[in-house]
$ cat run_6.cif   # mmCIF, C-alpha atoms (C1' of nucleotides)
data_run
loop_
_atom_site.group_PDB
_atom_site.id
_atom_site.type_symbol
_atom_site.label_atom_id
_atom_site.label_comp_id
_atom_site.auth_asym_id
_atom_site.auth_seq_id
_atom_site.Cartn_x
_atom_site.Cartn_y
_atom_site.Cartn_z
ATOM 1 C CA MET A 35 10.893 -5.204 -4.835
ATOM 2 C CA PRO A 36 10.163 -2.712 -2.070
ATOM 3 C CA ARG A 37 7.751 0.025 -2.691
ATOM 4 C CA ARG A 38 8.674 3.643 -2.396
ATOM 5 C CA PRO A 39 7.547 5.666 0.614
ATOM 6 C CA SER A 40 4.496 7.799 0.012
ATOM 7 C CA PRO A 41 5.432 11.184 -1.462
ATOM 8 C CA THR A 42 2.340 12.836 -0.075
ATOM 9 C CA LEU A 43 0.542 12.888 3.238
ATOM 10 C CA THR A 44 -1.796 9.971 3.699
ATOM 11 C CA GLU A 45 -5.341 10.394 4.880
ATOM 12 C CA ALA A 46 -4.696 9.716 8.548
ATOM 13 C CA GLU A 47 -1.495 11.709 8.507
ATOM 14 C CA LEU A 48 -3.255 14.681 7.001
ATOM 15 C CA ARG A 49 -5.974 14.571 9.616
ATOM 16 C CA VAL A 50 -3.366 14.828 12.333
ATOM 17 C CA MET A 51 -1.376 17.480 10.476
ATOM 18 C CA GLU A 52 -4.434 19.688 10.152
ATOM 19 C CA VAL A 53 -4.729 19.734 13.930
ATOM 20 C CA ILE A 54 -1.038 20.421 14.409
ATOM 21 C CA TRP A 55 -1.140 23.270 11.919
ATOM 22 C CA ARG A 56 -4.138 24.747 13.661
ATOM 23 C CA LEU A 57 -2.747 24.472 17.185
ATOM 24 C CA GLU A 58 0.870 25.294 16.251
ATOM 25 C CA ARG A 59 2.120 23.320 19.235
ATOM 26 C CA ALA A 60 0.297 20.432 20.852
ATOM 27 C CA THR A 61 0.754 17.379 23.014
ATOM 28 C CA VAL A 62 -0.560 14.009 21.950
ATOM 29 C CA ALA A 63 -3.521 14.418 24.279
ATOM 30 C CA GLU A 64 -4.335 17.813 22.817
ATOM 31 C CA VAL A 65 -4.233 16.503 19.288
ATOM 32 C CA THR A 66 -6.417 13.568 20.242
ATOM 33 C CA GLU A 67 -8.975 15.851 21.736
ATOM 34 C CA ALA A 68 -8.938 18.410 18.949
ATOM 35 C CA LEU A 69 -9.289 15.770 16.258
ATOM 36 C CA PRO A 70 -12.589 16.091 14.405
ATOM 37 C CA PRO A 71 -14.707 12.939 14.376
ATOM 38 C CA PRO A 72 -14.246 10.067 13.984
ATOM 39 C CA PRO A 73 -12.095 10.028 17.108
ATOM 40 C CA LEU A 74 -8.835 8.155 17.378
ATOM 41 C CA ALA A 75 -7.281 6.431 20.364
ATOM 42 C CA TYR A 76 -4.427 8.205 22.096
ATOM 43 C CA ASN A 77 -2.081 5.513 20.913
ATOM 44 C CA SER A 78 -3.158 5.807 17.306
ATOM 45 C CA VAL A 79 -2.447 9.518 17.330
ATOM 46 C CA LEU A 80 0.895 8.832 18.919
ATOM 47 C CA THR A 81 1.775 6.296 16.247
ATOM 48 C CA THR A 82 0.805 8.670 13.484
ATOM 49 C CA LEU A 83 2.864 11.442 15.020
ATOM 50 C CA ARG A 84 5.866 9.136 15.226
ATOM 51 C CA ILE A 85 5.480 8.348 11.533
ATOM 52 C CA LEU A 86 5.112 12.026 10.709
ATOM 53 C CA GLU A 87 8.249 12.757 12.667
ATOM 54 C CA GLN A 88 10.092 10.012 10.832
ATOM 55 C CA LYS A 89 9.000 11.542 7.553
ATOM 56 C CA GLY A 90 10.157 14.954 8.668
ATOM 57 C CA HIS A 91 6.787 16.676 8.843
ATOM 58 C CA VAL A 92 6.809 17.368 12.581
ATOM 59 C CA THR A 93 9.244 17.460 15.446
ATOM 60 C CA HIS A 94 8.850 17.305 19.190
ATOM 61 C CA GLU A 95 10.385 18.591 22.344
ATOM 62 C CA GLU A 96 9.850 17.248 25.804
ATOM 63 C CA ALA A 97 7.976 19.543 28.110
ATOM 64 C CA GLY A 98 7.968 17.904 31.484
ATOM 65 C CA ARG A 99 6.401 14.542 31.000
ATOM 66 C CA ALA A 100 4.721 15.002 27.652
ATOM 67 C CA PHE A 101 6.042 15.510 24.143
ATOM 68 C CA VAL A 102 5.010 18.726 22.504
ATOM 69 C CA TYR A 103 4.811 18.396 18.744
ATOM 70 C CA ARG A 104 5.038 21.167 16.229
ATOM 71 C CA PRO A 105 5.019 21.274 12.430
ATOM 72 C CA LEU A 106 8.237 21.393 10.464
ATOM 73 C CA ILE A 107 6.488 22.067 7.187
ATOM 74 C CA ALA A 108 3.839 24.708 6.682
ATOM 75 C CA ARG A 109 0.421 23.860 5.400
ATOM 76 C CA GLU A 110 1.218 25.879 2.274
ATOM 77 C CA ALA A 111 4.258 23.752 1.564
ATOM 78 C CA ALA A 112 2.252 20.551 1.860
ATOM 79 C CA ALA A 113 -0.417 21.994 -0.384
ATOM 80 C CA GLY A 114 2.238 23.038 -2.845
ATOM 81 C CA SER A 115 3.775 19.627 -3.077
ATOM 82 C CA ALA A 116 0.379 17.965 -3.443
ATOM 83 C CA VAL A 117 -0.414 20.290 -6.324
ATOM 84 C CA LYS A 118 3.008 19.740 -7.849
ATOM 85 C CA ASN A 119 2.302 16.042 -7.768
ATOM 86 C CA VAL A 120 -0.930 16.368 -9.698
ATOM 87 C CA VAL A 121 0.563 18.812 -12.175
ATOM 88 C CA GLU A 122 3.411 16.421 -12.897
ATOM 89 C CA LYS A 123 1.201 13.409 -13.177
ATOM 90 C CA PHE A 124 -1.624 14.807 -15.239
ATOM 91 C CA PHE A 125 -0.758 18.169 -16.735
ATOM 92 C CA GLY A 126 2.631 17.590 -18.274
ATOM 93 C CA ASN A 127 4.178 19.821 -15.632
ATOM 94 C CA SER A 128 2.307 22.841 -16.891
ATOM 95 C CA THR A 129 0.747 24.745 -14.027
ATOM 96 C CA GLY A 130 -0.777 27.068 -16.577
ATOM 97 C CA ALA A 131 -2.671 24.196 -18.161
ATOM 98 C CA LEU A 132 -4.154 23.262 -14.803
ATOM 99 C CA ALA A 133 -5.061 26.845 -13.973
ATOM 100 C CA LEU A 134 -6.762 27.258 -17.316
ATOM 101 C CA ARG A 135 -8.701 24.082 -16.866
ATOM 102 C CA LEU A 136 -9.857 25.059 -13.388
ATOM 103 C CA ILE A 137 -11.113 28.408 -14.545
ATOM 104 C CA GLU A 138 -12.795 26.929 -17.599
ATOM 105 C CA ASN A 139 -14.665 24.448 -15.474
ATOM 106 C CA GLU A 140 -15.935 26.815 -12.857
ATOM 107 C CA ARG A 141 -16.471 30.523 -12.634
ATOM 108 C CA PRO A 142 -14.286 32.057 -9.905
ATOM 109 C CA SER A 143 -15.858 34.442 -7.417
ATOM 110 C CA ASP A 144 -15.963 38.160 -8.240
ATOM 111 C CA ASP A 145 -13.147 38.767 -5.840
ATOM 112 C CA GLU A 146 -11.031 36.070 -7.393
ATOM 113 C CA LEU A 147 -11.836 37.334 -10.871
ATOM 114 C CA ALA A 148 -10.628 40.783 -9.972
ATOM 115 C CA ARG A 149 -7.398 39.457 -8.580
ATOM 116 C CA LEU A 150 -6.880 37.223 -11.569
ATOM 117 C CA ARG A 151 -7.412 40.140 -13.900
ATOM 118 C CA SER A 152 -4.858 42.290 -12.162
ATOM 119 C CA LEU A 153 -2.340 39.472 -12.080
ATOM 120 C CA ILE A 154 -2.773 38.797 -15.754
ATOM 121 C CA GLU A 155 -2.479 42.425 -16.669
ATOM 122 C CA ARG A 156 0.720 42.673 -14.740
ATOM 123 C CA TYR A 157 2.098 39.671 -16.557
ATOM 124 C CA GLU A 158 1.039 41.039 -19.922
ATOM 125 C CA GLU A 159 2.895 44.267 -19.366
ATOM 126 C CA ALA A 160 6.181 42.453 -19.007
ATOM 127 C CA MET B 193 -7.794 -1.565 11.876
ATOM 128 C CA PRO B 194 -7.336 -1.748 8.156
ATOM 129 C CA ARG B 195 -5.579 0.619 5.899
ATOM 130 C CA ARG B 196 -8.052 2.476 3.714
ATOM 131 C CA PRO B 197 -7.937 1.990 -0.030
ATOM 132 C CA SER B 198 -6.322 4.771 -1.977
ATOM 133 C CA PRO B 199 -8.857 7.342 -3.232
ATOM 134 C CA THR B 200 -6.637 8.149 -6.191
ATOM 135 C CA LEU B 201 -4.605 6.127 -8.635
ATOM 136 C CA THR B 202 -1.400 4.913 -7.072
ATOM 137 C CA GLU B 203 1.932 5.287 -8.787
ATOM 138 C CA ALA B 204 2.045 1.828 -10.335
ATOM 139 C CA GLU B 205 -1.612 1.978 -11.278
ATOM 140 C CA LEU B 206 -1.121 5.279 -13.023
ATOM 141 C CA ARG B 207 1.845 3.996 -14.972
ATOM 142 C CA VAL B 208 -0.296 1.193 -16.360
ATOM 143 C CA MET B 209 -3.275 3.470 -16.977
ATOM 144 C CA GLU B 210 -1.137 5.849 -19.048
ATOM 145 C CA VAL B 211 -0.324 2.998 -21.390
ATOM 146 C CA ILE B 212 -3.932 1.848 -21.596
ATOM 147 C CA TRP B 213 -5.075 5.380 -22.337
ATOM 148 C CA ARG B 214 -2.489 5.694 -25.062
ATOM 149 C CA LEU B 215 -3.197 2.361 -26.711
ATOM 150 C CA GLU B 216 -6.976 2.395 -26.196
ATOM 151 C CA ARG B 217 -7.057 -1.401 -26.242
ATOM 152 C CA ALA B 218 -4.202 -3.650 -25.229
ATOM 153 C CA THR B 219 -3.318 -7.114 -24.058
ATOM 154 C CA VAL B 220 -1.177 -7.649 -20.994
ATOM 155 C CA ALA B 221 1.822 -8.347 -23.184
ATOM 156 C CA GLU B 222 1.279 -5.148 -25.128
ATOM 157 C CA VAL B 223 1.049 -3.106 -21.957
ATOM 158 C CA THR B 224 4.159 -4.742 -20.586
ATOM 159 C CA GLU B 225 6.089 -3.922 -23.707
ATOM 160 C CA ALA B 226 4.807 -0.380 -24.068
ATOM 161 C CA LEU B 227 5.557 0.468 -20.447
ATOM 162 C CA PRO B 228 8.275 3.124 -20.175
ATOM 163 C CA PRO B 229 11.259 2.115 -18.057
ATOM 164 C CA PRO B 230 11.708 0.780 -15.478
ATOM 165 C CA PRO B 231 10.189 -2.397 -16.917
ATOM 166 C CA LEU B 232 7.764 -4.587 -15.038
ATOM 167 C CA ALA B 233 7.299 -8.342 -15.141
ATOM 168 C CA TYR B 234 4.351 -9.632 -17.094
ATOM 169 C CA ASN B 235 2.731 -10.766 -13.876
ATOM 170 C CA SER B 236 3.129 -7.413 -12.200
ATOM 171 C CA VAL B 237 1.261 -5.768 -15.029
ATOM 172 C CA LEU B 238 -1.391 -8.436 -14.885
ATOM 173 C CA THR B 239 -1.910 -7.974 -11.167
ATOM 174 C CA THR B 240 -2.105 -4.234 -11.513
ATOM 175 C CA LEU B 241 -4.675 -4.579 -14.273
ATOM 176 C CA ARG B 242 -6.722 -6.877 -12.075
ATOM 177 C CA ILE B 243 -6.683 -4.282 -9.324
ATOM 178 C CA LEU B 244 -7.602 -1.552 -11.781
ATOM 179 C CA GLU B 245 -10.480 -3.660 -13.019
ATOM 180 C CA GLN B 246 -11.627 -4.266 -9.464
ATOM 181 C CA LYS B 247 -11.558 -0.512 -8.897
ATOM 182 C CA GLY B 248 -13.556 0.062 -12.062
ATOM 183 C CA HIS B 249 -10.898 1.885 -14.054
ATOM 184 C CA VAL B 250 -10.588 -0.709 -16.821
ATOM 185 C CA THR B 251 -12.481 -3.687 -18.157
ATOM 186 C CA HIS B 252 -11.477 -6.610 -20.318
ATOM 187 C CA GLU B 253 -12.853 -8.928 -22.949
ATOM 188 C CA GLU B 254 -11.376 -12.205 -23.999
ATOM 189 C CA ALA B 255 -9.987 -12.278 -27.510
ATOM 190 C CA GLY B 256 -8.822 -15.775 -28.248
ATOM 191 C CA ARG B 257 -6.781 -16.746 -25.218
ATOM 192 C CA ALA B 258 -5.689 -13.310 -24.206
ATOM 193 C CA PHE B 259 -7.529 -10.611 -22.315
ATOM 194 C CA VAL B 260 -7.830 -7.295 -24.071
ATOM 195 C CA TYR B 261 -8.108 -4.434 -21.627
ATOM 196 C CA ARG B 262 -9.567 -1.029 -22.274
ATOM 197 C CA PRO B 263 -10.143 2.017 -20.080
ATOM 198 C CA LEU B 264 -13.492 2.694 -18.472
ATOM 199 C CA ILE B 265 -12.544 6.180 -17.344
ATOM 200 C CA ALA B 266 -10.921 8.829 -19.502
ATOM 201 C CA ARG B 267 -7.637 10.400 -18.594
ATOM 202 C CA GLU B 268 -9.420 13.721 -18.135
ATOM 203 C CA ALA B 269 -11.760 12.202 -15.572
ATOM 204 C CA ALA B 270 -8.877 10.779 -13.581
ATOM 205 C CA ALA B 271 -7.097 14.122 -13.730
ATOM 206 C CA GLY B 272 -10.275 15.834 -12.580
ATOM 207 C CA SER B 273 -10.731 13.625 -9.579
ATOM 208 C CA ALA B 274 -7.090 13.979 -8.573
ATOM 209 C CA VAL B 275 -7.459 17.746 -8.704
ATOM 210 C CA LYS B 276 -10.724 17.580 -6.819
ATOM 211 C CA ASN B 277 -8.959 15.640 -4.120
ATOM 212 C CA VAL B 278 -6.295 18.289 -3.658
ATOM 213 C CA VAL B 279 -8.807 21.110 -3.792
ATOM 214 C CA GLU B 280 -10.874 19.471 -1.094
ATOM 215 C CA LYS B 281 -7.929 18.676 1.101
ATOM 216 C CA PHE B 282 -6.005 21.906 0.849
ATOM 217 C CA PHE B 283 -8.038 24.682 -0.704
ATOM 218 C CA GLY B 284 -11.306 24.528 1.192
ATOM 219 C CA ASN B 285 -13.023 23.283 -1.929
ATOM 220 C CA SER B 286 -12.331 26.515 -3.755
ATOM 221 C CA THR B 287 -11.000 25.852 -7.228
ATOM 222 C CA GLY B 288 -10.635 29.588 -7.676
ATOM 223 C CA ALA B 289 -8.227 29.751 -4.760
ATOM 224 C CA LEU B 290 -6.059 27.080 -6.331
ATOM 225 C CA ALA B 291 -6.130 28.743 -9.746
ATOM 226 C CA LEU B 292 -5.130 32.057 -8.245
ATOM 227 C CA ARG B 293 -2.310 30.478 -6.360
ATOM 228 C CA LEU B 294 -0.986 28.704 -9.435
ATOM 229 C CA ILE B 295 -0.959 31.856 -11.486
ATOM 230 C CA GLU B 296 0.627 33.864 -8.693
ATOM 231 C CA ASN B 297 3.433 31.375 -8.371
ATOM 232 C CA GLU B 298 4.322 31.064 -11.996
ATOM 233 C CA ARG B 299 3.787 33.149 -15.080
ATOM 234 C CA PRO B 300 1.677 31.277 -17.619
ATOM 235 C CA SER B 301 2.821 31.144 -21.233
ATOM 236 C CA ASP B 302 1.721 33.922 -23.594
ATOM 237 C CA ASP B 303 -0.770 31.605 -25.157
ATOM 238 C CA GLU B 304 -2.210 30.643 -21.803
ATOM 239 C CA LEU B 305 -2.319 34.267 -20.730
ATOM 240 C CA ALA B 306 -4.337 35.168 -23.781
ATOM 241 C CA ARG B 307 -6.811 32.410 -23.149
ATOM 242 C CA LEU B 308 -7.070 33.277 -19.502
ATOM 243 C CA ARG B 309 -7.749 36.884 -20.370
ATOM 244 C CA SER B 310 -10.548 36.015 -22.743
ATOM 245 C CA LEU B 311 -12.086 33.593 -20.267
ATOM 246 C CA ILE B 312 -12.004 36.177 -17.522
ATOM 247 C CA GLU B 313 -13.464 38.861 -19.711
ATOM 248 C CA ARG B 314 -16.292 36.601 -20.653
ATOM 249 C CA TYR B 315 -16.980 35.881 -16.994
ATOM 250 C CA GLU B 316 -16.842 39.553 -16.119
ATOM 251 C CA GLU B 317 -19.428 40.427 -18.701
ATOM 252 C CA ALA B 318 -21.992 38.155 -17.101
ATOM 253 C "C1'" DA C 26 1.683 -38.517 -32.638
ATOM 254 C "C1'" DT C 27 4.535 -36.819 -29.203
ATOM 255 C "C1'" DT C 28 7.357 -33.383 -27.440
ATOM 256 C "C1'" DC C 29 8.863 -28.810 -27.034
ATOM 257 C "C1'" DT C 30 8.292 -23.837 -26.933
ATOM 258 C "C1'" DG C 31 6.039 -19.977 -25.795
ATOM 259 C "C1'" DC C 32 2.272 -17.577 -24.634
ATOM 260 C "C1'" DT C 33 -1.854 -17.160 -21.554
ATOM 261 C "C1'" DC C 34 -4.048 -16.825 -16.974
ATOM 262 C "C1'" DT C 35 -4.227 -18.514 -11.834
ATOM 263 C "C1'" DT C 36 -2.406 -19.123 -7.378
ATOM 264 C "C1'" DA C 37 0.545 -17.834 -3.962
ATOM 265 C "C1'" DA C 38 3.512 -15.242 -1.507
ATOM 266 C "C1'" DA C 39 6.852 -11.933 0.328
ATOM 267 C "C1'" DG C 40 7.717 -7.488 1.949
ATOM 268 C "C1'" DA C 41 6.773 -2.435 2.613
ATOM 269 C "C1'" DA C 42 3.399 1.036 4.101
ATOM 270 C "C1'" DT C 43 -0.740 2.441 6.392
ATOM 271 C "C1'" DT C 44 -3.992 2.419 10.044
ATOM 272 C "C1'" DA C 45 -5.575 1.226 14.620
ATOM 273 C "C1'" DG C 46 -4.888 0.204 19.141
ATOM 274 C "C1'" DG C 47 -3.548 -3.098 23.353
ATOM 275 C "C1'" DA C 48 -0.089 -4.087 27.227
ATOM 276 C "C1'" DG C 49 2.936 -2.546 30.177
ATOM 277 C "C1'" DA C 50 6.725 0.366 32.307
ATOM 278 C "C1'" DT C 51 7.245 4.565 34.609
ATOM 279 C "C1'" DA C 52 7.207 9.035 36.329
ATOM 280 C "C1'" DG C 53 4.564 12.547 38.803
ATOM 281 C "C1'" DG C 54 1.241 13.966 41.770
ATOM 282 C "C1'" DA C 55 -2.786 13.240 45.288
ATOM 283 C "C1'" DT D 78 1.079 4.235 48.304
ATOM 284 C "C1'" DC D 79 -1.991 4.401 44.528
ATOM 285 C "C1'" DC D 80 -3.789 6.643 40.417
ATOM 286 C "C1'" DT D 81 -3.294 8.559 36.065
ATOM 287 C "C1'" DA D 82 -1.186 10.208 32.071
ATOM 288 C "C1'" DT D 83 2.550 9.346 29.251
ATOM 289 C "C1'" DC D 84 5.674 6.933 26.477
ATOM 290 C "C1'" DT D 85 7.780 2.437 24.393
ATOM 291 C "C1'" DC D 86 7.017 -1.924 22.378
ATOM 292 C "C1'" DC D 87 4.208 -4.909 20.012
ATOM 293 C "C1'" DT D 88 0.271 -7.098 17.312
ATOM 294 C "C1'" DA D 89 -2.819 -7.132 13.674
ATOM 295 C "C1'" DA D 90 -5.566 -6.107 9.540
ATOM 296 C "C1'" DT D 91 -5.425 -4.394 4.984
ATOM 297 C "C1'" DT D 92 -3.494 -2.453 0.761
ATOM 298 C "C1'" DC D 93 0.007 -2.031 -2.607
ATOM 299 C "C1'" DT D 94 3.804 -3.731 -5.378
ATOM 300 C "C1'" DT D 95 6.252 -7.135 -7.237
ATOM 301 C "C1'" DT D 96 7.243 -11.574 -8.695
ATOM 302 C "C1'" DA D 97 7.779 -16.931 -8.719
ATOM 303 C "C1'" DA D 98 5.624 -21.243 -9.765
ATOM 304 C "C1'" DG D 99 2.479 -23.666 -12.374
ATOM 305 C "C1'" DA D 100 -1.440 -25.170 -15.210
ATOM 306 C "C1'" DG D 101 -3.451 -24.985 -19.808
ATOM 307 C "C1'" DC D 102 -3.331 -24.533 -24.652
ATOM 308 C "C1'" DA D 103 -1.822 -23.392 -29.575
ATOM 309 C "C1'" DG D 104 1.490 -24.147 -32.889
ATOM 310 C "C1'" DA D 105 6.182 -25.739 -34.292
ATOM 311 C "C1'" DA D 106 9.649 -29.270 -34.214
ATOM 312 C "C1'" DT D 107 10.833 -33.939 -34.083
#

$ encode --input "run_6.cif" --output "structure tokens"
Amino acid sequence: MPRRPSPTLTEAELRVMEVIWRLERATVAEVTEALPPPPLAYNSVLTTLRILEQKGHVTHEEAGRAFVYRPLIAREAAAGSAVKNVVEKFFGNSTGALALRLIENERPSDDELARLRSLIERYEEA
Amino acid sequence: MPRRPSPTLTEAELRVMEVIWRLERATVAEVTEALPPPPLAYNSVLTTLRILEQKGHVTHEEAGRAFVYRPLIAREAAAGSAVKNVVEKFFGNSTGALALRLIENERPSDDELARLRSLIERYEEA
DNA sequence: ATTCTGCTCTTAAAGAATTAGGAGATAGGA
DNA sequence: TCCTATCTCCTAATTCTTTAAGAGCAGAAT
């Protein structure tokens, strides 16, 4: 039986996406150069971008000779679906359970605490 | 160059692990039977268990002719490392940032709100 | 006692997905 | 014309998922 396509970004795909998100628009050469170490060959980046395009994460337009790629999904959306995945798999679909667990395990910064407090108070009013 | 091994439990692996966590100790046949649909062939379960053993998630002892498998890592530990993965990849290693985002996006239950409040108050005291 | 049945594990393999990159055509410019 | 950057096509290694085929053994049936 065939296996299902990966629901999340793979390691290599994510590395390339991070560059695309940062640059907004970039040619293959630009991505290759901006990639943090370890470096990848031009062709490897190209292959990964083709896969990402196939999966609907990026698109490209031709600009003269080169293809200029740009993201179709925002970083926030990718983050959201990665989190959703974990919440479904391990927290019975309860985002609250995960949030609670995170805060139990580690003290948030003062700034985060303040924002959490105000959020919670607003929720409690309603 | 080779594909890198998955840092987290894959879909099939997780399905088997859920059964092992639930049963505590189980033979291949027991796992196969307890597996929620869609069903898997005996051999598929066996192979997956072998992989899980190789990765250090389960171990087995022989009991008569059969192997009895049991988990080496708790469900909570697996959940923790999955979360850690997402936090590293998408939230700059800040668990607080993820918690904040979760709570912003969705109102926790009353019970969760109460527990969050008391946690936060305790943190604020210190 | 021999055969059959049914369970066990082992071996093997196919096929998809991921990751990496070489070879070569080609278009554009020096 | 020749060089270089670019894309297309292809190979290859490895993992993951699934399963078939088969060997071995215990216990039941003959």

$ calpha_fit_and_write --input "run_6.cif" --fixed "chain B" --moving "chain A" --output "compact mmCIF listing (two decimals) with C-alpha atoms, in the coordinates of the input"
# COMPACT_ATOMS: atom_id res chain seq x y z
CA MET A 35 -9.43 -0.82 12.11
CA PRO A 36 -9.16 -1.38 8.36
CA ARG A 37 -7.86 1.34 6.22
CA ARG A 38 -9.85 2.82 3.41
CA PRO A 39 -9.03 1.94 -0.19
CA SER A 40 -6.93 4.50 -2.00
CA PRO A 41 -9.10 7.23 -3.54
CA THR A 42 -6.54 7.99 -6.20
CA LEU A 43 -4.41 5.99 -8.58
CA THR A 44 -1.22 4.73 -7.02
CA GLU A 45 2.12 5.12 -8.69
CA ALA A 46 2.24 1.69 -10.30
CA GLU A 47 -1.40 1.85 -11.26
CA LEU A 48 -0.91 5.20 -12.93
CA ARG A 49 2.03 3.92 -14.92
CA VAL A 50 -0.12 1.16 -16.33
CA MET A 51 -3.09 3.47 -16.89
CA GLU A 52 -0.98 5.86 -18.93
CA VAL A 53 -0.20 3.03 -21.33
CA ILE A 54 -3.81 1.92 -21.51
CA TRP A 55 -4.97 5.46 -22.20
CA ARG A 56 -2.40 5.82 -24.93
CA LEU A 57 -3.13 2.51 -26.63
CA GLU A 58 -6.91 2.60 -26.07
CA ARG A 59 -7.04 -1.19 -26.16
CA ALA A 60 -4.18 -3.49 -25.24
CA THR A 61 -3.34 -6.99 -24.13
CA VAL A 62 -1.17 -7.62 -21.11
CA ALA A 63 1.79 -8.31 -23.37
CA GLU A 64 1.27 -5.06 -25.23
CA VAL A 65 1.11 -3.07 -22.04
CA THR A 66 4.23 -4.76 -20.74
CA GLU A 67 6.10 -3.90 -23.86
CA ALA A 68 4.86 -0.33 -24.12
CA LEU A 69 5.67 0.42 -20.49
CA PRO A 70 8.40 3.03 -20.18
CA PRO A 71 11.39 1.96 -18.10
CA PRO A 72 11.83 0.54 -15.56
CA PRO A 73 10.25 -2.56 -17.08
CA LEU A 74 7.83 -4.79 -15.23
CA ALA A 75 7.34 -8.53 -15.46
CA TYR A 76 4.33 -9.76 -17.40
CA ASN A 77 2.83 -11.03 -14.19
CA SER A 78 3.25 -7.74 -12.39
CA VAL A 79 1.40 -5.93 -15.14
CA LEU A 80 -1.29 -8.55 -15.01
CA THR A 81 -1.67 -8.14 -11.26
CA THR A 82 -1.90 -4.39 -11.57
CA LEU A 83 -4.51 -4.68 -14.29
CA ARG A 84 -6.56 -7.01 -12.12
CA ILE A 85 -6.45 -4.46 -9.31
CA LEU A 86 -7.40 -1.68 -11.71
CA GLU A 87 -10.30 -3.75 -12.92
CA GLN A 88 -11.40 -4.39 -9.36
CA LYS A 89 -11.32 -0.67 -8.72
CA GLY A 90 -13.34 0.00 -11.83
CA HIS A 91 -10.71 1.83 -13.85
CA VAL A 92 -10.44 -0.71 -16.68
CA THR A 93 -12.36 -3.62 -18.08
CA HIS A 94 -11.43 -6.50 -20.32
CA GLU A 95 -12.84 -8.71 -22.98
CA GLU A 96 -11.44 -11.98 -24.16
CA ALA A 97 -10.10 -11.95 -27.67
CA GLY A 98 -9.10 -15.47 -28.47
CA ARG A 99 -6.62 -16.47 -25.86
CA ALA A 100 -5.66 -13.11 -24.45
CA PHE A 101 -7.54 -10.50 -22.46
CA VAL A 102 -7.83 -7.14 -24.12
CA TYR A 103 -8.05 -4.33 -21.59
CA ARG A 104 -9.50 -0.92 -22.15
CA PRO A 105 -10.03 2.10 -19.90
CA LEU A 106 -13.36 2.72 -18.23
CA ILE A 107 -12.39 6.17 -17.05
CA ALA A 108 -10.82 8.82 -19.23
CA ARG A 109 -7.52 10.38 -18.39
CA GLU A 110 -9.34 13.69 -17.89
CA ALA A 111 -11.61 12.15 -15.29
CA ALA A 112 -8.66 10.76 -13.35
CA ALA A 113 -6.93 14.11 -13.55
CA GLY A 114 -10.09 15.80 -12.38
CA SER A 115 -10.47 13.64 -9.35
CA ALA A 116 -6.80 14.03 -8.43
CA VAL A 117 -7.20 17.79 -8.59
CA LYS A 118 -10.44 17.64 -6.64
CA ASN A 119 -8.59 15.76 -3.96
CA VAL A 120 -5.93 18.41 -3.59
CA VAL A 121 -8.45 21.24 -3.70
CA GLU A 122 -10.45 19.62 -0.92
CA LYS A 123 -7.45 18.85 1.19
CA PHE A 124 -5.54 22.08 0.89
CA PHE A 125 -7.63 24.83 -0.64
CA GLY A 126 -10.83 24.68 1.34
CA ASN A 127 -12.63 23.39 -1.73
CA SER A 128 -12.02 26.60 -3.61
CA THR A 129 -10.78 25.89 -7.10
CA GLY A 130 -10.44 29.61 -7.60
CA ALA A 131 -7.96 29.84 -4.74
CA LEU A 132 -5.81 27.16 -6.34
CA ALA A 133 -6.00 28.76 -9.76
CA LEU A 134 -4.99 32.10 -8.33
CA ARG A 135 -2.10 30.59 -6.49
CA LEU A 136 -0.85 28.77 -9.58
CA ILE A 137 -0.90 31.89 -11.67
CA GLU A 138 0.73 33.96 -8.95
CA ASN A 139 3.57 31.51 -8.66
CA GLU A 140 4.36 31.16 -12.31
CA ARG A 141 3.70 33.19 -15.40
CA PRO A 142 1.54 31.25 -17.88
CA SER A 143 2.59 31.10 -21.51
CA ASP A 144 1.38 33.82 -23.89
CA ASP A 145 -1.12 31.44 -25.34
CA GLU A 146 -2.45 30.52 -21.94
CA LEU A 147 -2.58 34.17 -20.93
CA ALA A 148 -4.70 35.00 -23.93
CA ARG A 149 -7.11 32.21 -23.20
CA LEU A 150 -7.29 33.15 -19.55
CA ARG A 151 -8.04 36.73 -20.46
CA SER A 152 -10.89 35.79 -22.74
CA LEU A 153 -12.33 33.42 -20.18
CA ILE A 154 -12.22 36.04 -17.49
CA GLU A 155 -13.78 38.66 -19.67
CA ARG A 156 -16.59 36.33 -20.49
CA TYR A 157 -17.17 35.67 -16.82
CA GLU A 158 -17.08 39.36 -16.00
CA GLU A 159 -19.78 40.14 -18.50
CA ALA A 160 -22.23 37.87 -16.76

$ closest_residue --input "run_6.cif" --among "A:Thr82, A:Asn77, A:Tyr103, A:Glu47" --to "Thr61 in chain A" --atoms "only C-alpha atoms"
A:Tyr103

$ closest_residue --input "run_6.cif" --among "A:Arg151, A:Glu138, A:Arg109, A:Ala131" --to "Val92 in chain A" --atoms "only C-alpha atoms"
A:Arg109

$ resolve_selection --input "run_6.cif" --expression "the PyMOL selection byres ((chain D and resi 79) around 12)" --output "ChimeraX atom specification"
/C:53-55 /D:78,80-81

$ write_last_selection --input "run_6.cif" --atoms "C-alpha atoms (C1' of nucleotides)" --output "tab-separated table (two decimals), keeping the file's coordinate frame"
chain	number	residue	atom	x	y	z
C	53	DG	C1'	4.56	12.55	38.80
C	54	DG	C1'	1.24	13.97	41.77
C	55	DA	C1'	-2.79	13.24	45.29
D	78	DT	C1'	1.08	4.24	48.30
D	80	DC	C1'	-3.79	6.64	40.42
D	81	DT	C1'	-3.29	8.56	36.06

$ resolve_selection --input "run_6.cif" --expression "the PyMOL selection byres ((chain B) within 9 of (chain D))" --output "NGL selection string"
:B and (193-198 or 202 or 204 or 232-233 or 235-236 or 240 or 257)
